[in-house]
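A short write-up of the structure that comes next.
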Amino acid sequence: MLIIGYGNTDRGDDAAGILVARRLRDLGVDAIEHLGDGCALLDLWAAADGFADEVVVIDAMVSGKPLGSVRVWDARELRAAEPALRTSTHRFGLGQAVELARVLGQLPARLTIYGIEGLRFEPGAEPSLEVLRAVERVALELFRKSAAVVSLGETAS
Amino acid sequence: MSEAPRNQPATRTIRVNYMARVEGEASLLIRMKAGKIHDVKLKIFEPPRLFESLLRGRHLTEAPDITARICGICPVAYQLTCAHALERALGITVDPMVRLLRRFLYAGEWIESHALHVYLLHAPDFLGYPDAIEMARKHPDVIAEALRLKKIGNRILTLVGGREVHPVSVAVGGFYKTPSKADLLSLKEELKWALDAAVRKVPFVAAFEFPDFEQDYEFVALSHPSEYPFNEGRLISNKGLDIEAGEYEHYFVEHQVKHSNALHSRLRDRGAYQVGPLARFNLNYAKLPKIAREAAQSCGLHIPCLNPFKSVIVRAVEMVFAIDEALRIIDLYEPPSVPRVTLPERPGEGCAITEAPRGINFNRFRFDENGILQFANIVPPTSQNQQRIEDDLRAFVPGVVALPAEELTLRCEQVVRNYDPCISCATHFLRVNLEQEGASEPARPGDGAC
C-alpha cells in the first residue's frame with residue numbers, strides 16, 4: 001500500500017494529510033509527503049504501479065461537516081469538481097488529478113481518498129485541535145490496514 | 001476590424017472576476033462605449049508579497065533561497081538572477097562547469113514551465129475546451145506526452161536543485177551540492193525521447209487557428225554573442241535599446257496603478273514593451289540550434305512574428321531548444337573543480353538580468369560589509385508585460401466586439417494567456433465575467449492553474 005499525505009504545513013488545517021504521513025512514519029509505516037502539485041500525483045501513482053496494490057491519499061477537505069470529520073472516497077466515485085476537496089491554492093488539485101488520471105487510464109487499481117474536515121487555512125496558522133485528533137484517528141486506521149496487508153503478505157508467502 | 005453591430009448596447013463591460021488557467025489571482029475589466037474601448041484594467045488583487053522588504057536585513061547567502069519562494073513554476077529564474085547579481089557585486093566568477101550546470105537547471109525550468117503552459121493551460125483555448133481534462137478526453141496522447149515532458153523538466157530541477165519546487169542547491173558563488181556526470185547521464189535517454197516528442201508537437205501547435213492580430217511591439221530580451229539567452233547578455237530591443245543590466249533602471253521605470261497590487265513597468269518616454277518567448281525569438285532567432293530553427297521553419301514560423309497568439313508556437317519551439325541544450329550540456333559536463341567560490345567579506349551592490357520562461361527578470365541588491373542586505377529591487381516578467389497585456393486588449397477587443405458575450409470573454413482571457421502571466425510573481429487567479437449594461441451574466445468559476 002502506497003500512502004501519500006497531501007497538503008501544506010504552512011496553511012493551518014491544510015497540514016492534515018502531511019501530518020498523517022508523518023505520524024505513520026513515527027509508527028514505522030512508509031508514507032510519502034506531497035506538497036501541492038496535483039500533476040505530480042500522477043507520477044507517484046504511476047511509480048506505484050506494480051509495486052502497490054492500493055494507493056491511499058489523505059487531504060484536507062471543506063464539506064460543511066463538523067471540524068475534524070473524516071470522509072473516505074473510492075476514487076472511482078470521486079468527481080473532478082468535488083467541492084469538499086477544493087482546499088488547495090493550486091487550482092489543479094486532488095480531484096482534478098484523479099479525473100485526469102481516469103481520462104488517461106492512469107488510475108491505480110485501487111485508490112482511496114481520506115478527507116479530513118478543516119476550517120483554518122490562513123498562511124502561518126496552526127492546525128486545529130479537532131484536525132490533530134482526526135489525524136491521529138486516520139493514522140491509526142491506516143496503521144492497522146497496513147499491518148493487515150503485511151500480515152496477509154506474510155501468510156501468502 | 002468589424003464595427004459594433006447596431007443592436008449592441010452603447011455601453012458594454014467585460015468583467016472577468018476570476019481568470020482561469022493562469023498562475024495567480026487577478027481579474028479583468030474592459031469597458032466599452034459606443035463600440036470603442038473606454039477602459040481596460042488587468043486587476044491583480046493578490047496581496048503584495050513584500051519580498052524586497054523581506055530580504056532587507058538578511059544575509060546575502062540567504063537571498064537565493066528566499067527569492068526562489070517568489071514562484072513555484074519559475075523559482076530557478078529568481079534564484080539565479082539573485083545569485084548572479086550578488087556575485088557581480090562581490091566581484092567573483094564562478095567555475096565554468098558551475099555556469100554550465102546553472103544553464104542545465106534553467107533548461108529544466110523552461111521545459112516544465114513551457115510544457116505546462118503550452119499544452120495544459122493555453123492549448124484548450126485554441127481547441128475549444130474549458131480545461132486540460134476535457135481536452136484529454138479527445139487528445140489523451142497529447143496530454144500524456146505533455147505531462148511526461150513536464151516531468152523531465154521537474155527531474156532536472158530535482159537532480160540539480162535538490163527538489164522540483166523551490167530548489168535549494170543554488171548558492172551565491174556556485175552550488176551547495178553538485179551532481180556527478182553519471183547523474184546527468186541518467187537523464188539522457190528520457191531527454192532524447194523528449195526532444196523527439198517536442199519536435200513532433202510543434203506542427204500540432206502550429207495548426208491551431210490564430211486570430212489575425214499584429215501590433216508594433218517593442219520586444220525586449222537578453223542577447224548573448226553565441227547563445228540563445230538564459231542567464232546573461234546585453235539587454236536589447238528591436239527599437240534601438242542596447243544596454244548592460246546595470247543601466248536597466250535608467251531606461252525602465254516602475255509605477256503604481258490604483259487597480260493593481262503589482263507595479264507596471266514601462267520604458268521611460270516610450271511606454272509598454274513586450275518580454276518573453278516572442279521577444280526572445282524575434283531578437284535571437286539565429287542563435288537557436290538548427291533543430292529548433294528547422295522546427296520553426298517547417299511550420300511557417302518566421303521572424304518577425306508580431307502575432308502574440310503565436311507565442312504558443314514559439315514556446316513549443318523554445319522547448320525544443322531547451323531540451324537540445326540540456327542534452328548538449330550533459331555531453332560537456334564534468335563536476336566542477338570549485339563547486340562554490342569562497343565569498344569575500346566586503347560591501348557591494350550589483351544587478352543581473354536573466355530570462356525566466358515568461359521573460360526578463362531584473363534584480364538589484366546592495367549589502368554592507370557584513371553581507372547584510374540593505375536594498376533589493378526585483379522586477380519580474382509579469383510586471384514588465386502588464387501594461388502590454390492591457391494595450392493588447394485595447395487593440396484586440398474592437399475587432400471582435402460583435403462576438404457573442406461568452407466567446408468574447410474567452411477571447412479576452414486568451415489574450416491574457418498569450419503572456420502566460422505568473423501573477424504570484426508580480427505580487428495568483430484571474431477572474432472573468434461579461435456584462436452588458438442592463439444584462440449582466442454571472443461570474444464563471446475559474447479553473448486550471450497549476
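Identifiers for the C-alpha cells are assigned positionally: chains receive A, B, ... in sequence, residues are indexed from 1 per chain, and ligands are indexed from 1 in the order shown.
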* Fewer than 5 positions away in the same chain doesn't count, so skip those; otherwise give me all residues within 8 Å of segment 132-148 of chain B, counting only C-alpha atoms, as a VMD selection string. => (chain A and resid 39 96 99 to 100 103 to 104) or (chain B and resid 115 to 116 119 to 121 124 127 197 448)
Kindly export the residues of the current selection with C-alpha atoms, as a JSON list (two decimals), in the first residue's frame.
```
[["chain", "number", "residue", "atom", "x", "y", "z"],
["A", 39, "CYS", "CA", 0.05, 16.76, -11.71],
["A", 96, "GLN", "CA", -8.58, 17.14, -10.93],
["A", 99, "GLU", "CA", -10.13, 12.86, -13.08],
["A", 100, "LEU", "CA", -7.16, 13.40, -15.40],
["A", 103, "VAL", "CA", -9.27, 10.05, -18.55],
["A", 104, "LEU", "CA", -5.72, 8.98, -19.35],
["B", 115, "ALA", "CA", 5.04, 22.13, -21.19],
["B", 116, "LEU", "CA", 2.57, 23.26, -18.56],
["B", 119, "TYR", "CA", -0.40, 22.02, -23.52],
["B", 120, "LEU", "CA", -2.28, 22.26, -20.22],
["B", 121, "LEU", "CA", -3.14, 25.95, -19.90],
["B", 124, "PRO", "CA", -7.50, 24.35, -24.53],
["B", 127, "LEU", "CA", -9.06, 23.81, -29.35],
["B", 197, "ALA", "CA", 8.36, 14.43, -28.77],
["B", 448, "GLY", "CA", -6.89, 25.32, -14.16]]
```
Secondary structure check, strand (DSSP E) residues of chain A, as an mmCIF file with C-alpha atoms, in the first residue's frame:
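Output contents, as saved in out-v7.cif:
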```cif
data_model
loop_
_atom_site.group_PDB
_atom_site.id
_atom_site.type_symbol
_atom_site.label_atom_id
_atom_site.label_comp_id
_atom_site.auth_asym_id
_atom_site.auth_seq_id
_atom_site.Cartn_x
_atom_site.Cartn_y
_atom_site.Cartn_z
ATOM 1 C CA LEU A 2 1.367 3.409 -1.016
ATOM 2 C CA ILE A 3 0.272 6.139 1.388
ATOM 3 C CA ILE A 4 0.529 9.796 0.327
ATOM 4 C CA GLY A 5 -0.116 12.704 2.672
ATOM 5 C CA TYR A 6 -1.112 15.727 0.569
ATOM 6 C CA ILE A 32 5.101 9.994 1.397
ATOM 7 C CA GLU A 33 4.568 13.706 1.929
ATOM 8 C CA HIS A 34 3.417 15.559 -1.189
ATOM 9 C CA VAL A 55 -2.831 3.831 -3.091
ATOM 10 C CA VAL A 56 -4.178 5.966 -0.259
ATOM 11 C CA VAL A 57 -4.158 9.779 -0.379
ATOM 12 C CA ILE A 58 -5.002 11.870 2.680
ATOM 13 C CA ASP A 59 -6.000 15.515 2.182
ATOM 14 C CA ALA A 60 -7.834 18.273 3.999
ATOM 15 C CA MET A 61 -11.441 18.950 2.949
ATOM 16 C CA VAL A 70 -13.318 12.164 8.241
ATOM 17 C CA ARG A 71 -14.769 11.082 4.896
ATOM 18 C CA VAL A 72 -13.438 8.227 2.714
ATOM 19 C CA TRP A 73 -13.917 8.044 -1.049
ATOM 20 C CA ASP A 74 -13.241 5.293 -3.536
ATOM 21 C CA LEU A 111 -7.233 4.442 -4.912
ATOM 22 C CA THR A 112 -8.749 5.538 -1.620
ATOM 23 C CA ILE A 113 -9.029 9.174 -0.584
ATOM 24 C CA TYR A 114 -9.290 10.229 3.052
ATOM 25 C CA GLY A 115 -10.606 13.755 3.610
ATOM 26 C CA ILE A 116 -10.203 15.464 6.991
ATOM 27 C CA GLU A 117 -12.525 18.420 7.558
#
```
* Looking only at helix (DSSP H, G or I) from DSSP on the backbone, list the matching residues of segment 83-261 of chain B as JSON, numbers by chain. => {"B": [83, 84, 85, 86, 87, 88, 89, 90, 96, 97, 98, 99, 100, 101, 102, 103, 104, 105, 106, 107, 108, 109, 110, 111, 112, 113, 114, 115, 116, 117, 118, 119, 120, 121, 122, 123, 124, 125, 126, 127, 132, 133, 134, 135, 136, 137, 138, 140, 141, 142, 143, 144, 145, 146, 147, 148, 149, 150, 151, 152, 153, 154, 155, 156, 157, 158, 159, 160, 161, 181, 182, 183, 184, 185, 188, 189, 190, 191, 192, 193, 194, 195, 196, 197, 198, 199, 200, 201, 202, 203, 204, 205, 206, 245, 246, 247, 248, 249, 250, 251]}
* **Which of B:Cys82, B:Ala292, B:Ala34, B:Val312 sits closest to Phe365 of chain B [using only C-alpha atoms]** =>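 Of B:Cys82, B:Ala292, B:Ala34, B:Val312, the one nearest Phe365 of chain B, counting only C-alpha atoms, is B:Cys82.
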* So which residues touch segment 262-273 of chain B within 7 Å, counting only C-alpha atoms, skipping near sequence neighbours fewer than 4 positions away, as a PyMOL selection string? -> chain B and resi 44+217-220+251-257+383-388+426-427
* **Selection: 8 Å around segment 50-57 of chain B, only C-alpha atoms, excl. self and same-chain fewer than 6 positions, as a VMD selection string** => chain B and resid 63 66 to 67 70 372 to 378 427
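Among the candidate residues B:Ser298, B:Glu244, B:Lys151, B:Val320, the one lying nearest to chain A is B:Lys151, with distances computed using only C-alpha atoms.
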* Pick from B:Arg200, B:Arg411, B:Lys150, B:His38 nearest to chain A, counting only C-alpha atoms -> B:Lys150
Using only C-alpha atoms, determine which residues lie at most 9 Å from segment 78-80 of chain B, disregarding the query and same-chain residues fewer than 2 positions distant; provide the list as a PDB file with N, CA and C atoms, in the first residue's frame.
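Here's the written file around20.pdb:
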```pdb
ATOM      1  N   ALA B  63      19.709  34.886   0.392  1.00  0.00           N
ATOM      2  CA  ALA B  63      18.820  35.500  -0.607  1.00  0.00           C
ATOM      3  C   ALA B  63      18.318  34.530  -1.690  1.00  0.00           C
ATOM      4  N   PRO B  64      19.184  33.676  -2.266  1.00  0.00           N
ATOM      5  CA  PRO B  64      18.647  32.800  -3.336  1.00  0.00           C
ATOM      6  C   PRO B  64      17.538  31.866  -2.846  1.00  0.00           C
ATOM      7  N   ASP B  65      17.618  31.408  -1.618  1.00  0.00           N
ATOM      8  CA  ASP B  65      16.555  30.533  -1.102  1.00  0.00           C
ATOM      9  C   ASP B  65      15.270  31.309  -0.833  1.00  0.00           C
ATOM     10  N   ILE B  66      15.412  32.577  -0.457  1.00  0.00           N
ATOM     11  CA  ILE B  66      14.218  33.401  -0.218  1.00  0.00           C
ATOM     12  C   ILE B  66      13.567  33.785  -1.547  1.00  0.00           C
ATOM     13  N   THR B  67      14.376  34.229  -2.504  1.00  0.00           N
ATOM     14  CA  THR B  67      13.789  34.663  -3.787  1.00  0.00           C
ATOM     15  C   THR B  67      13.168  33.493  -4.544  1.00  0.00           C
ATOM     16  N   ALA B  68      13.695  32.275  -4.349  1.00  0.00           N
ATOM     17  CA  ALA B  68      13.107  31.102  -5.017  1.00  0.00           C
ATOM     18  C   ALA B  68      11.644  30.944  -4.643  1.00  0.00           C
ATOM     19  N   ARG B  69      11.281  31.430  -3.443  1.00  0.00           N
ATOM     20  CA  ARG B  69       9.903  31.282  -2.966  1.00  0.00           C
ATOM     21  C   ARG B  69       8.930  32.228  -3.666  1.00  0.00           C
ATOM     22  N   ILE B  70       9.438  33.122  -4.506  1.00  0.00           N
ATOM     23  CA  ILE B  70       8.538  34.028  -5.226  1.00  0.00           C
ATOM     24  C   ILE B  70       7.616  33.225  -6.137  1.00  0.00           C
ATOM     25  N   CYS B  71       8.118  32.120  -6.724  1.00  0.00           N
ATOM     26  CA  CYS B  71       7.313  31.384  -7.703  1.00  0.00           C
ATOM     27  C   CYS B  71       7.544  29.877  -7.626  1.00  0.00           C
ATOM     28  N   CYS B  74       8.572  29.035 -11.691  1.00  0.00           N
ATOM     29  CA  CYS B  74       9.867  29.517 -12.181  1.00  0.00           C
ATOM     30  C   CYS B  74      10.801  29.957 -11.048  1.00  0.00           C
ATOM     31  N   PRO B  75      10.991  29.121 -10.032  1.00  0.00           N
ATOM     32  CA  PRO B  75      11.892  29.510  -8.937  1.00  0.00           C
ATOM     33  C   PRO B  75      13.331  29.685  -9.366  1.00  0.00           C
ATOM     34  N   VAL B  76      13.746  28.917 -10.394  1.00  0.00           N
ATOM     35  CA  VAL B  76      15.143  28.982 -10.837  1.00  0.00           C
ATOM     36  C   VAL B  76      15.474  30.378 -11.338  1.00  0.00           C
ATOM     37  N   CYS B  82      19.182  36.342  -8.738  1.00  0.00           N
ATOM     38  CA  CYS B  82      19.668  36.802  -7.438  1.00  0.00           C
ATOM     39  C   CYS B  82      21.138  36.439  -7.245  1.00  0.00           C
ATOM     40  N   ALA B  83      21.478  35.183  -7.497  1.00  0.00           N
ATOM     41  CA  ALA B  83      22.864  34.739  -7.314  1.00  0.00           C
ATOM     42  C   ALA B  83      23.806  35.503  -8.229  1.00  0.00           C
ATOM     43  N   HIS B  84      23.396  35.714  -9.475  1.00  0.00           N
ATOM     44  CA  HIS B  84      24.250  36.437 -10.420  1.00  0.00           C
ATOM     45  C   HIS B  84      24.474  37.871  -9.965  1.00  0.00           C
ATOM     46  N   ALA B  85      23.419  38.531  -9.510  1.00  0.00           N
ATOM     47  CA  ALA B  85      23.544  39.929  -9.072  1.00  0.00           C
ATOM     48  C   ALA B  85      24.501  40.018  -7.892  1.00  0.00           C
ATOM     49  N   ARG B 102      24.260  25.575 -14.117  1.00  0.00           N
ATOM     50  CA  ARG B 102      23.150  26.513 -13.902  1.00  0.00           C
ATOM     51  C   ARG B 102      22.299  26.615 -15.174  1.00  0.00           C
ATOM     52  N   TYR B 106      18.366  25.851 -15.608  1.00  0.00           N
ATOM     53  CA  TYR B 106      17.436  26.778 -16.260  1.00  0.00           C
ATOM     54  C   TYR B 106      16.677  26.064 -17.384  1.00  0.00           C
ATOM     55  N   HIS B 166      10.872  25.045  -5.664  1.00  0.00           N
ATOM     56  CA  HIS B 166      11.730  25.823  -4.774  1.00  0.00           C
ATOM     57  C   HIS B 166      13.038  25.096  -4.472  1.00  0.00           C
ATOM     58  N   PRO B 167      13.862  24.859  -5.498  1.00  0.00           N
ATOM     59  CA  PRO B 167      15.119  24.117  -5.277  1.00  0.00           C
ATOM     60  C   PRO B 167      16.028  24.814  -4.267  1.00  0.00           C
ATOM     61  N   VAL B 170      21.216  25.951  -5.173  1.00  0.00           N
ATOM     62  CA  VAL B 170      21.931  27.113  -5.717  1.00  0.00           C
ATOM     63  C   VAL B 170      22.472  27.962  -4.569  1.00  0.00           C
ATOM     64  N   ALA B 171      23.752  28.300  -4.645  1.00  0.00           N
ATOM     65  CA  ALA B 171      24.382  29.143  -3.625  1.00  0.00           C
ATOM     66  C   ALA B 171      24.981  30.368  -4.288  1.00  0.00           C
ATOM     67  N   VAL B 172      25.154  31.438  -3.536  1.00  0.00           N
ATOM     68  CA  VAL B 172      25.934  32.555  -4.048  1.00  0.00           C
ATOM     69  C   VAL B 172      27.358  32.035  -4.195  1.00  0.00           C
ATOM     70  N   ASN B 231      20.826  33.116 -19.178  1.00  0.00           N
ATOM     71  CA  ASN B 231      21.307  33.704 -17.933  1.00  0.00           C
ATOM     72  C   ASN B 231      22.267  34.869 -18.049  1.00  0.00           C
ATOM     73  N   THR B 354      18.132  37.801 -16.011  1.00  0.00           N
ATOM     74  CA  THR B 354      18.092  36.501 -16.678  1.00  0.00           C
ATOM     75  C   THR B 354      16.728  36.364 -17.372  1.00  0.00           C
ATOM     76  N   ALA B 356      13.561  34.416 -17.468  1.00  0.00           N
ATOM     77  CA  ALA B 356      12.577  33.465 -16.942  1.00  0.00           C
ATOM     78  C   ALA B 356      11.751  32.956 -18.126  1.00  0.00           C
ATOM     79  N   ASN B 361      13.842  38.963 -15.975  1.00  0.00           N
ATOM     80  CA  ASN B 361      13.720  39.216 -14.549  1.00  0.00           C
ATOM     81  C   ASN B 361      14.919  40.049 -14.147  1.00  0.00           C
ATOM     82  N   ASN B 363      17.102  42.077 -11.185  1.00  0.00           N
ATOM     83  CA  ASN B 363      17.362  42.173  -9.734  1.00  0.00           C
ATOM     84  C   ASN B 363      18.493  43.144  -9.465  1.00  0.00           C
ATOM     85  N   ILE B 378      13.386  43.933  -7.307  1.00  0.00           N
ATOM     86  CA  ILE B 378      13.100  42.770  -8.153  1.00  0.00           C
ATOM     87  C   ILE B 378      11.974  43.153  -9.113  1.00  0.00           C
ATOM     88  N   PRO B 380       9.841  41.425 -11.862  1.00  0.00           N
ATOM     89  CA  PRO B 380       9.540  40.142 -12.517  1.00  0.00           C
ATOM     90  C   PRO B 380       8.912  40.336 -13.898  1.00  0.00           C
TER      91      PRO B 380
END
```
* Would you work out the distance separating atom CA of Pro66 of chain A from atom CA of Ala97 of chain A, expressed in Å to one decimal? => 26.1 Å
* Shortest interatomic distance to Val379 of chain B - which of B:Ile14, B:Cys299, B:Ala77, B:Ala286, counting only C-alpha atoms ->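 For Val379 of chain B, the nearest of the given residues is B:Ala77.
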* Measure the distance from atom CA of Val165 of chain B to atom CA of Ile323 of chain B in Å and round it to one decimal. => 19.2 Å
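We find atom CA of Glu369 of chain B and atom CA of Gly174 of chain B to be spaced 20.7 Å apart.
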* **Residues near Ala46 of chain A, cut-off 8 Å, only C-alpha atoms, skip fewer than 4 positions along chain, as a list in words** => Leu42, Gln106 and Pro108 of chain A
